[in-house]
$ cat structure_38.txt   # compact mmCIF, C-alpha atoms and all ligand atoms
# COMPACT_ATOMS: atom_id res chain seq x y z
CA MET A 1 4.83 116.08 212.47
CA ALA A 2 8.22 117.50 211.79
CA TRP A 3 10.19 120.31 213.33
CA LEU A 4 10.01 123.27 211.05
CA LYS A 5 12.30 125.00 213.44
CA ARG A 6 13.19 124.31 217.03
CA LYS A 7 14.90 126.75 219.33
CA ASP A 8 15.81 124.38 222.18
CA ALA A 9 17.85 121.22 221.74
CA GLU A 10 15.23 118.90 223.22
CA PRO A 11 11.43 118.99 223.35
CA VAL A 12 9.97 119.99 226.71
CA ALA A 13 8.93 116.37 227.38
CA PRO A 14 11.23 113.99 225.49
CA VAL A 15 9.40 111.14 223.78
CA HIS A 16 10.97 108.46 226.03
CA GLN A 17 9.39 110.14 229.08
CA LEU A 18 5.86 109.80 227.74
CA SER A 19 3.52 107.07 228.93
CA GLU A 20 2.35 104.50 226.36
CA GLU A 21 -1.06 106.19 226.24
CA GLU A 22 0.42 109.67 225.75
CA PHE A 23 2.73 108.32 223.06
CA GLN A 24 -0.21 106.72 221.18
CA SER A 25 -2.24 109.88 221.41
CA LEU A 26 0.69 112.00 220.16
CA THR A 27 1.27 109.61 217.25
CA ARG A 28 -2.41 109.78 216.30
CA LEU A 29 -2.41 113.57 216.49
CA SER A 30 0.75 113.78 214.34
CA ALA A 31 -0.71 111.46 211.70
CA THR A 32 -3.93 113.49 211.60
CA MET A 33 -2.08 116.79 211.28
CA ASP A 34 0.10 115.38 208.49
CA ALA A 35 -2.97 114.16 206.60
CA LEU A 36 -4.43 117.70 206.49
CA PRO A 37 -4.22 119.46 203.10
CA LEU A 38 -3.72 122.81 204.87
CA GLY A 39 -0.46 123.75 206.53
CA VAL A 40 -0.57 124.01 210.31
CA VAL A 41 2.22 125.48 212.41
CA VAL A 42 2.06 125.66 216.22
CA LEU A 43 4.16 127.79 218.56
CA SER A 44 4.38 126.70 222.20
CA SER A 45 3.07 129.07 224.87
CA ASP A 46 6.62 129.98 226.04
CA GLY A 47 7.58 130.72 222.43
CA SER A 48 10.43 128.21 222.49
CA THR A 49 9.25 125.56 220.03
CA MET A 50 7.58 125.64 216.67
CA TRP A 51 5.94 122.55 215.13
CA SER A 52 4.62 122.07 211.65
CA ASN A 53 2.73 119.45 209.66
CA ASP A 54 3.75 117.97 206.27
CA ALA A 55 1.64 120.42 204.26
CA ALA A 56 3.43 123.40 205.87
CA ASP A 57 6.86 121.78 205.41
CA SER A 58 6.29 121.05 201.74
CA LEU A 59 5.43 124.65 200.79
CA PHE A 60 9.06 125.62 200.13
CA THR A 61 12.33 123.85 199.34
CA PRO A 62 14.04 123.46 202.74
CA GLN A 63 16.69 126.07 203.44
CA SER A 64 15.93 128.05 200.26
CA ASP A 65 15.77 131.86 200.62
CA ASP A 66 11.99 131.78 200.43
CA HIS A 67 11.84 129.05 203.06
CA LEU A 68 13.98 131.02 205.51
CA LEU A 69 11.95 134.17 204.91
CA PHE A 70 8.70 132.24 205.32
CA VAL A 71 9.82 130.72 208.64
CA GLN A 72 10.96 134.11 209.89
CA GLN A 73 7.71 135.88 208.98
CA LEU A 74 5.64 132.99 210.27
CA GLU A 75 7.43 133.12 213.59
CA GLU A 76 6.81 136.87 213.84
CA LEU A 77 3.09 136.39 213.19
CA LEU A 78 2.90 133.56 215.73
CA ARG A 79 4.66 135.69 218.34
CA ASP A 80 2.19 138.49 217.63
CA ALA A 81 -0.58 135.93 218.16
CA LEU A 82 0.96 134.89 221.50
CA SER A 83 0.68 138.50 222.62
CA GLY A 84 -2.95 138.66 221.50
CA SER A 85 -2.73 140.02 217.97
CA THR A 86 -4.26 137.42 215.64
CA GLY A 87 -5.62 137.69 212.11
CA LYS A 88 -5.15 136.94 208.43
CA THR A 89 -2.08 138.00 206.44
CA GLU A 90 -1.11 137.50 202.81
CA LEU A 91 2.61 137.23 202.11
CA GLU A 92 4.32 137.37 198.71
CA PHE A 93 7.35 135.21 197.96
CA GLY A 94 9.63 134.58 194.99
CA GLU A 95 11.24 136.78 192.37
CA SER A 96 10.67 135.00 189.06
CA VAL A 97 7.71 132.86 190.14
CA ASN A 98 5.50 134.79 192.54
CA ARG A 99 3.70 132.91 195.22
CA THR A 100 1.13 134.20 197.68
CA ILE A 101 0.76 132.47 201.01
CA GLU A 102 -2.16 133.21 203.31
CA ILE A 103 -1.51 132.81 207.03
CA ALA A 104 -4.32 132.93 209.59
CA THR A 105 -3.23 132.94 213.23
CA VAL A 106 -5.23 131.97 216.30
CA ARG A 107 -4.57 131.65 220.05
CA LEU A 108 -4.76 128.14 221.49
CA ALA A 109 -6.46 127.21 224.75
CA ASP A 110 -3.10 126.14 226.29
CA GLY A 111 -1.68 129.65 225.72
CA GLY A 112 0.21 128.75 222.53
CA ALA A 113 -0.59 129.97 219.03
CA ALA A 114 -1.33 128.24 215.75
CA ALA A 115 -1.13 129.34 212.12
CA ILE A 116 -3.18 127.90 209.27
CA VAL A 117 -1.06 128.28 206.15
CA GLU A 118 -2.35 128.05 202.58
CA ASP A 119 -0.75 128.64 199.20
CA ILE A 120 -3.41 130.78 197.45
CA THR A 121 -1.32 131.62 194.34
CA GLN A 122 -3.45 129.54 191.99
CA ARG A 123 -6.73 130.74 193.45
CA LEU A 124 -5.68 134.37 192.95
CA MET A 125 -4.55 133.63 189.40
CA ILE A 126 -7.86 131.98 188.49
CA ASP A 127 -9.75 134.94 190.01
CA ARG A 128 -7.65 137.32 187.95
CA VAL A 129 -8.13 135.43 184.69
CA ARG A 130 -11.88 135.23 185.32
CA THR A 131 -12.12 138.94 186.11
CA ASP A 132 -10.01 139.89 183.06
CA PHE A 133 -12.17 137.70 180.88
CA VAL A 134 -15.39 139.35 182.03
CA ALA A 135 -13.89 142.82 181.59
CA ASN A 136 -12.63 142.04 178.06
CA ILE A 137 -15.87 140.48 176.97
CA SER A 138 -17.86 143.42 178.28
CA HIS A 139 -15.72 145.87 176.30
CA GLU A 140 -16.07 143.75 173.16
CA LEU A 141 -19.86 143.79 173.54
CA ARG A 142 -20.22 147.50 174.12
CA THR A 143 -19.22 148.58 170.61
CA PRO A 144 -21.79 146.48 168.68
CA ILE A 145 -24.44 147.31 171.28
CA GLY A 146 -23.87 151.03 170.68
CA ALA A 147 -24.09 150.53 166.91
CA ILE A 148 -27.30 148.44 167.06
CA SER A 149 -28.97 150.98 169.38
CA LEU A 150 -28.15 153.79 167.00
CA MET A 151 -29.48 151.89 163.99
CA ALA A 152 -32.69 150.90 165.80
CA GLU A 153 -33.26 154.55 166.79
CA ASN A 154 -32.76 155.64 163.16
CA LEU A 155 -35.17 152.96 161.92
CA ILE A 156 -37.83 154.06 164.42
CA ALA A 157 -37.44 157.67 163.29
CA GLU A 158 -37.67 156.77 159.60
CA MET A 159 -40.41 154.14 159.68
CA GLY A 160 -43.10 156.27 161.31
CA ASP A 161 -46.04 154.14 162.54
CA SER A 162 -45.23 151.02 160.54
CA GLU A 163 -44.80 147.43 161.78
CA SER A 164 -41.05 147.78 161.10
CA ALA A 165 -40.90 150.72 163.50
CA ARG A 166 -42.63 148.59 166.17
CA LEU A 167 -40.11 145.79 165.63
CA SER A 168 -37.26 148.29 165.78
CA GLU A 169 -38.63 149.49 169.09
CA ILE A 170 -38.45 145.92 170.44
CA ILE A 171 -34.86 145.66 169.19
CA LEU A 172 -34.04 148.92 170.96
CA ASN A 173 -35.60 147.74 174.26
CA GLU A 174 -33.72 144.44 174.16
CA VAL A 175 -30.45 146.14 173.29
CA THR A 176 -30.96 148.63 176.12
CA ARG A 177 -31.42 145.72 178.53
CA LEU A 178 -28.33 143.98 177.14
CA ASN A 179 -26.41 147.22 177.60
CA GLU A 180 -27.49 147.41 181.26
CA THR A 181 -26.38 143.82 181.86
CA VAL A 182 -23.01 144.49 180.25
CA ASN A 183 -22.61 147.65 182.35
CA ASP A 184 -23.44 145.78 185.56
CA LEU A 185 -21.09 142.92 184.63
CA LEU A 186 -18.37 145.43 183.95
CA GLU A 187 -18.96 147.17 187.27
CA LEU A 188 -18.88 143.85 189.12
CA ALA A 189 -15.66 142.86 187.33
CA ARG A 190 -14.11 146.22 188.18
CA ILE A 191 -14.90 146.06 191.90
CA GLU A 192 -13.75 142.45 192.04
CA PHE A 193 -10.52 143.33 190.29
CA ASP A 194 -9.72 146.62 192.00
CA GLY A 195 -11.08 145.72 195.44
CA LEU A 196 -11.15 148.73 197.74
CA SER A 197 -8.40 150.76 196.10
CA LYS A 198 -9.59 154.10 197.52
CA ARG A 199 -10.01 154.71 201.23
CA GLU A 200 -11.18 158.23 201.96
CA PRO A 201 -13.44 159.72 204.63
CA ILE A 202 -16.96 159.94 203.25
CA HIS A 203 -20.00 161.82 204.57
CA THR A 204 -23.10 159.70 204.27
CA ALA A 205 -25.26 162.74 203.50
CA ARG A 206 -23.28 163.38 200.31
CA VAL A 207 -23.29 159.81 198.99
CA ILE A 208 -27.00 159.47 199.68
CA ASP A 209 -27.69 162.78 197.90
CA GLU A 210 -25.72 161.61 194.90
CA ALA A 211 -27.41 158.20 194.85
CA VAL A 212 -30.88 159.75 195.15
CA GLY A 213 -29.99 162.23 192.37
CA ARG A 214 -29.33 159.35 189.98
CA ILE A 215 -32.70 157.73 190.60
CA ARG A 216 -34.76 160.94 190.82
CA SER A 217 -36.06 160.95 187.25
CA ALA A 218 -37.10 157.26 187.40
CA ALA A 219 -38.89 157.99 190.70
CA LEU A 220 -40.63 161.05 189.22
CA ALA A 221 -41.80 159.01 186.26
CA LYS A 222 -43.59 156.67 188.70
CA SER A 223 -44.62 159.46 191.11
CA VAL A 224 -42.62 157.69 193.82
CA MET A 225 -41.39 160.03 196.54
CA ILE A 226 -37.92 159.35 198.00
CA VAL A 227 -37.78 160.54 201.61
CA VAL A 228 -34.34 160.72 203.24
CA GLU A 229 -34.28 160.76 207.04
CA GLU A 230 -30.70 161.00 208.09
CA ASN A 231 -28.17 161.94 210.69
CA PRO A 232 -25.87 164.46 208.98
CA ASP A 233 -22.79 163.73 211.15
CA MET A 234 -22.18 160.19 210.02
CA SER A 235 -19.06 159.24 208.09
CA VAL A 236 -17.25 156.11 206.96
CA ILE A 237 -13.93 155.27 205.31
CA GLY A 238 -14.22 153.85 201.82
CA ASP A 239 -14.63 154.37 198.11
CA ARG A 240 -17.19 157.09 197.38
CA ALA A 241 -18.11 155.87 193.89
CA GLN A 242 -18.66 152.33 195.15
CA LEU A 243 -20.85 153.48 198.04
CA VAL A 244 -22.93 155.69 195.73
CA SER A 245 -23.37 152.66 193.47
CA ALA A 246 -24.39 150.37 196.37
CA ILE A 247 -26.90 152.81 197.84
CA GLY A 248 -28.09 153.78 194.34
CA ASN A 249 -28.79 150.12 193.52
CA LEU A 250 -30.89 149.70 196.68
CA ILE A 251 -32.90 152.88 196.00
CA ASP A 252 -33.23 151.96 192.32
CA ASN A 253 -34.71 148.56 193.27
CA ALA A 254 -37.03 150.13 195.84
CA VAL A 255 -38.36 152.54 193.19
CA LYS A 256 -38.53 149.83 190.50
CA TYR A 257 -40.53 147.44 192.66
CA SER A 258 -42.73 150.12 194.31
CA PRO A 259 -46.31 150.82 193.22
CA GLN A 260 -47.08 154.15 191.54
CA GLY A 261 -47.38 157.06 193.95
CA SER A 262 -45.82 155.31 196.96
CA ILE A 263 -42.98 156.38 199.24
CA VAL A 264 -39.43 155.02 199.43
CA LYS A 265 -37.74 155.78 202.74
CA VAL A 266 -33.96 156.06 203.21
CA GLU A 267 -32.83 156.08 206.84
CA VAL A 268 -29.35 156.40 208.33
CA ARG A 269 -28.46 155.51 211.89
CA ARG A 270 -25.48 154.45 213.94
CA GLU A 271 -25.56 151.15 215.79
CA GLU A 272 -22.72 149.36 217.58
CA GLY A 273 -20.00 151.20 215.67
CA ARG A 274 -21.65 150.66 212.32
CA MET A 275 -23.42 153.01 210.00
CA LEU A 276 -26.72 151.50 208.87
CA ILE A 277 -28.43 152.78 205.73
CA SER A 278 -31.90 151.30 205.29
CA VAL A 279 -33.99 151.60 202.17
CA SER A 280 -37.66 150.68 202.66
CA ASP A 281 -40.42 150.36 200.11
CA ASN A 282 -44.08 149.37 199.97
CA GLY A 283 -43.53 147.02 197.05
CA PRO A 284 -44.59 143.38 196.62
CA GLY A 285 -42.11 142.10 199.22
CA ILE A 286 -40.01 138.94 198.89
CA ALA A 287 -41.11 135.51 200.15
CA ALA A 288 -38.94 134.02 202.91
CA GLU A 289 -37.60 131.19 200.72
CA HIS A 290 -36.01 133.71 198.31
CA LEU A 291 -34.54 136.08 200.91
CA GLY A 292 -31.26 134.17 201.29
CA ARG A 293 -30.68 134.07 197.54
CA VAL A 294 -31.49 137.55 196.24
CA PHE A 295 -27.84 138.62 196.63
CA GLU A 296 -26.66 135.89 194.23
CA ARG A 297 -25.72 136.88 190.69
CA PHE A 298 -28.61 136.66 188.23
CA TYR A 299 -31.01 135.42 190.92
CA ARG A 300 -34.47 136.83 190.36
CA VAL A 301 -37.52 136.14 192.48
CA ASP A 302 -39.91 136.69 189.61
CA ASP A 303 -38.12 136.54 186.30
CA ALA A 304 -40.95 138.07 184.29
CA ARG A 305 -41.45 141.00 186.67
CA SER A 306 -37.73 141.66 186.95
CA ARG A 307 -37.30 141.69 183.16
CA GLY A 308 -40.38 143.91 182.91
CA THR A 309 -38.83 146.43 185.30
CA GLY A 310 -35.53 146.35 183.40
CA GLY A 311 -33.59 144.38 186.00
CA THR A 312 -30.28 142.70 185.24
CA GLY A 313 -30.24 140.41 188.29
CA LEU A 314 -26.81 141.79 189.21
CA GLY A 315 -27.69 144.85 191.29
CA LEU A 316 -27.80 143.17 194.69
CA ALA A 317 -24.69 141.09 193.94
CA ILE A 318 -22.89 144.40 193.33
CA VAL A 319 -24.26 145.86 196.59
CA ARG A 320 -23.14 142.81 198.58
CA HIS A 321 -19.67 142.84 197.04
CA ILE A 322 -19.21 146.54 197.85
CA ALA A 323 -20.49 146.02 201.41
CA LEU A 324 -18.02 143.17 202.01
CA LEU A 325 -15.13 145.17 200.55
CA HIS A 326 -15.90 147.89 203.12
CA GLY A 327 -15.88 145.37 205.97
CA GLY A 328 -19.67 145.51 206.17
CA ASP A 329 -22.67 143.57 204.99
CA VAL A 330 -26.12 143.96 203.49
CA SER A 331 -29.28 142.31 204.77
CA VAL A 332 -32.98 142.28 203.97
CA THR A 333 -36.24 141.93 205.83
CA SER A 334 -39.42 141.63 203.86
CA GLU A 335 -43.06 140.70 204.03
CA VAL A 336 -45.00 139.66 200.97
CA GLY A 337 -47.66 142.23 200.16
CA THR A 338 -46.24 144.83 202.57
CA GLY A 339 -42.75 145.75 201.37
CA SER A 340 -39.04 145.26 201.86
CA THR A 341 -36.23 146.91 203.80
CA PHE A 342 -32.65 146.47 202.62
CA THR A 343 -29.98 147.56 205.12
CA LEU A 344 -26.39 148.31 204.22
CA ALA A 345 -24.07 148.16 207.26
CA ILE A 346 -20.59 149.73 207.04
CA PRO A 347 -18.14 150.27 209.93
CA ALA A 348 -18.50 153.91 211.04
CA VAL A 349 -15.67 156.26 212.04
P1 LIG A 401 -32.71 143.09 189.37
O1 LIG A 401 -31.84 143.87 188.48
O2 LIG A 401 -33.42 141.95 188.71
O3 LIG A 401 -33.59 143.95 190.20
P2 LIG A 401 -31.19 142.62 191.75
O4 LIG A 401 -29.93 141.86 191.96
O5 LIG A 401 -31.15 144.07 192.04
O6 LIG A 401 -31.65 142.32 190.29
O7 LIG A 401 -32.31 141.95 192.62
C1 LIG A 401 -32.47 140.53 192.57
C2 LIG A 401 -33.93 140.19 192.74
O8 LIG A 401 -34.36 140.52 194.07
C3 LIG A 401 -34.85 140.97 191.83
O9 LIG A 401 -34.99 140.33 190.57
C4 LIG A 401 -36.16 140.96 192.60
O10 LIG A 401 -36.83 139.74 192.35
C5 LIG A 401 -35.69 140.99 194.05
N1 LIG A 401 -35.75 142.36 194.62
C6 LIG A 401 -34.70 143.20 194.76
N2 LIG A 401 -35.07 144.34 195.37
C7 LIG A 401 -36.40 144.21 195.62
C8 LIG A 401 -37.38 145.06 196.23
N3 LIG A 401 -37.07 146.26 196.73
N4 LIG A 401 -38.65 144.58 196.34
C9 LIG A 401 -38.97 143.35 195.86
N5 LIG A 401 -38.10 142.51 195.26
C10 LIG A 401 -36.82 142.93 195.14
$ encode --input "structure_38.txt" --output "structure tokens"
Amino acid sequence: MAWLKRKDAEPVAPVHQLSEEEFQSLTRLSATMDALPLGVVVLSSDGSTMWSNDAADSLFTPQSDDHLLFVQQLEELLRDALSGSTGKTELEFGESVNRTIEIATVRLADGGAAAIVEDITQRLMIDRVRTDFVANISHELRTPIGAISLMAENLIAEMGDSESARLSEIILNEVTRLNETVNDLLELARIEFDGLSKREPIHTARVIDEAVGRIRSAALAKSVMIVVEENPDMSVIGDRAQLVSAIGNLIDNAVKYSPQGSIVKVEVRREEGRMLISVSDNGPGIAAEHLGRVFERFYRVDDARSRGTGGTGLGLAIVRHIALLHGGDVSVTSEVGTGSTFTLAIPAV
């Protein structure tokens, strides 16, 4: 372990004052720390000394501008951690070549503080390229999808009751499904790319109204009644469009998987500083072995049923992403043959 920076001239206990056993143990600890791929920097409890492992030292050219700035900001974060304020911070360095370093600080049992330091530049770049790729591909697909839909509709209108009209109808259904998948992919790419760019106070009553409004005609077509039981005073900070989409996806699923003439219940309550929105249905339920996976992209419990109901397999992945962006989560409880309850939890204000 090297000194990244040391305020005092000598360590608190100079090496020659250590017993053989203490020296061995220190050597082993140093070797272990230096073998770690992640940077680790430790500040002593009195704030006088700062130690770092090889991975932290090799992040920047010693004494370069970036290195000095990094050490200065790191020390500030570690001092904040000493006084109890710990957490994760992303710092940008470099003018021509940008680098992003993530620093997570924690308090140590001996009163000192430690920082886990990671260069996440490449990870962010890969995420960006992947998100751009999905967005570009979705745009490229939308134009031909629009054209094929239009042509299939024209064929249906012109062919009357013929076999060709029936085939055109199949084409139209498949293209409609493809269009929904592209739309969901595009939405997922957008929320991944933009993150939570808007943070405004939002009344739950309004977002739920808007979400229910979007699903109303599908619910009417199945004679499913959507009952909203809510506390009108609840509000959260976030992106209104994203929350409408998340809640809309949950209600849409509940309606899709509900039997004709049943009830879908939307409840809002406050619990331990969080706003909980639950959407319950009397649908087929989800077996326990699938519950942990339904939030994965393209995961479907019953592929045939999901395709039959027009599902893209992306709805719950979108809901989960939005929940996490808002500092919340989404969970599900379900019983096969009885129904499911999906609960979106967002920090309340
Ligand atoms: P899909 O578009 O296929 O509905 P989702 O991501 O919204 O995709 O959901 C993933 C899978 O979880 C669905 O295919 C379905 O099997 C299951 N699922 C979601 N919501 C419900 C529900 N309310 N009742 C029963 N199964 C559900």
$ closest_residue --input "structure_38.txt" --among "A:Gly315, A:Gly112, A:Gly94, A:Gly248" --to "A:Trp51" --atoms "all atoms listed in the file"
A:Gly112
$ atom_distance --input "structure_38.txt" --atom1 "atom CA of A:Met159" --atom2 "atom CA of A:Asn173"
16.6 Å
$ axis_aligned_box --input "structure_38.txt" --around "stretch 260-270 of chain A" --padding-each-side "5 Å" --output "JSON"
{"center_x": -36.4, "center_y": 155.6, "center_z": 202.7, "size_x": 31.9, "size_y": 12.9, "size_z": 32.4}
$ atom_distance --input "structure_38.txt" --atom1 "atom CA of A:Ile237" --atom2 "atom CA of A:Gly327"
10.1 Å
$ residues_near_ligand --input "structure_38.txt" --ligand "ligand LIG 401 (chain A)" --cutoff "8 Å" --atoms "all atoms listed in the file" --output "PyMOL selection string"
chain A and resi 249-251+253-258+280-281+283-286+294-303+305-307+309-318+339-342
$ closest_residue --input "structure_38.txt" --among "A:Glu92, A:Asp65, A:Asp329, A:Glu153" --to "A:Glu169" --atoms "only C-alpha atoms"
A:Glu153
$ decode --input "structure_38.txt" --residues "stretch 72-90 of chain A" --atoms "N, CA and C atoms" --output "PDB file, in the first residue's frame"
ATOM      1  N   GLN A  72      -7.798  15.900  -3.962  1.00  0.00           N
ATOM      2  CA  GLN A  72      -8.471  16.953  -3.190  1.00  0.00           C
ATOM      3  C   GLN A  72      -9.954  16.601  -2.974  1.00  0.00           C
ATOM      4  N   GLN A  73     -10.618  16.165  -4.061  1.00  0.00           N
ATOM      5  CA  GLN A  73     -12.047  15.860  -3.942  1.00  0.00           C
ATOM      6  C   GLN A  73     -12.278  14.601  -3.100  1.00  0.00           C
ATOM      7  N   LEU A  74     -11.350  13.660  -3.262  1.00  0.00           N
ATOM      8  CA  LEU A  74     -11.438  12.427  -2.486  1.00  0.00           C
ATOM      9  C   LEU A  74     -11.318  12.736  -1.001  1.00  0.00           C
ATOM     10  N   GLU A  75     -10.371  13.597  -0.693  1.00  0.00           N
ATOM     11  CA  GLU A  75     -10.156  13.943   0.719  1.00  0.00           C
ATOM     12  C   GLU A  75     -11.394  14.630   1.291  1.00  0.00           C
ATOM     13  N   GLU A  76     -12.008  15.496   0.482  1.00  0.00           N
ATOM     14  CA  GLU A  76     -13.229  16.180   0.948  1.00  0.00           C
ATOM     15  C   GLU A  76     -14.327  15.155   1.261  1.00  0.00           C
ATOM     16  N   LEU A  77     -14.494  14.195   0.330  1.00  0.00           N
ATOM     17  CA  LEU A  77     -15.548  13.181   0.527  1.00  0.00           C
ATOM     18  C   LEU A  77     -15.256  12.321   1.751  1.00  0.00           C
ATOM     19  N   LEU A  78     -13.964  12.002   1.950  1.00  0.00           N
ATOM     20  CA  LEU A  78     -13.608  11.174   3.109  1.00  0.00           C
ATOM     21  C   LEU A  78     -13.826  11.951   4.411  1.00  0.00           C
ATOM     22  N   ARG A  79     -13.551  13.249   4.370  1.00  0.00           N
ATOM     23  CA  ARG A  79     -13.788  14.059   5.582  1.00  0.00           C
ATOM     24  C   ARG A  79     -15.292  14.159   5.866  1.00  0.00           C
ATOM     25  N   ASP A  80     -16.071  14.278   4.798  1.00  0.00           N
ATOM     26  CA  ASP A  80     -17.535  14.269   4.981  1.00  0.00           C
ATOM     27  C   ASP A  80     -17.951  12.950   5.630  1.00  0.00           C
ATOM     28  N   ALA A  81     -17.314  11.850   5.154  1.00  0.00           N
ATOM     29  CA  ALA A  81     -17.665  10.529   5.701  1.00  0.00           C
ATOM     30  C   ALA A  81     -17.293  10.449   7.173  1.00  0.00           C
ATOM     31  N   LEU A  82     -16.149  11.045   7.544  1.00  0.00           N
ATOM     32  CA  LEU A  82     -15.742  11.046   8.966  1.00  0.00           C
ATOM     33  C   LEU A  82     -16.806  11.724   9.815  1.00  0.00           C
ATOM     34  N   SER A  83     -17.423  12.787   9.246  1.00  0.00           N
ATOM     35  CA  SER A  83     -18.457  13.466  10.041  1.00  0.00           C
ATOM     36  C   SER A  83     -19.845  12.885   9.778  1.00  0.00           C
ATOM     37  N   GLY A  84     -19.894  11.697   9.204  1.00  0.00           N
ATOM     38  CA  GLY A  84     -21.167  10.961   9.131  1.00  0.00           C
ATOM     39  C   GLY A  84     -21.872  11.010   7.796  1.00  0.00           C
ATOM     40  N   SER A  85     -21.366  11.806   6.840  1.00  0.00           N
ATOM     41  CA  SER A  85     -22.085  11.900   5.573  1.00  0.00           C
ATOM     42  C   SER A  85     -21.420  11.003   4.517  1.00  0.00           C
ATOM     43  N   THR A  86     -21.984   9.815   4.338  1.00  0.00           N
ATOM     44  CA  THR A  86     -21.401   8.864   3.381  1.00  0.00           C
ATOM     45  C   THR A  86     -22.311   8.739   2.168  1.00  0.00           C
ATOM     46  N   GLY A  87     -21.806   8.130   1.095  1.00  0.00           N
ATOM     47  CA  GLY A  87     -22.657   7.919  -0.077  1.00  0.00           C
ATOM     48  C   GLY A  87     -21.837   7.723  -1.332  1.00  0.00           C
ATOM     49  N   LYS A  88     -22.562   7.749  -2.466  1.00  0.00           N
ATOM     50  CA  LYS A  88     -21.913   7.526  -3.762  1.00  0.00           C
ATOM     51  C   LYS A  88     -21.841   8.824  -4.541  1.00  0.00           C
ATOM     52  N   THR A  89     -20.701   9.118  -5.157  1.00  0.00           N
ATOM     53  CA  THR A  89     -20.551  10.344  -5.939  1.00  0.00           C
ATOM     54  C   THR A  89     -19.866  10.011  -7.259  1.00  0.00           C
ATOM     55  N   GLU A  90     -20.330  10.650  -8.339  1.00  0.00           N
ATOM     56  CA  GLU A  90     -19.622  10.485  -9.616  1.00  0.00           C
ATOM     57  C   GLU A  90     -18.886  11.780  -9.911  1.00  0.00           C
TER      58      GLU A  90
END
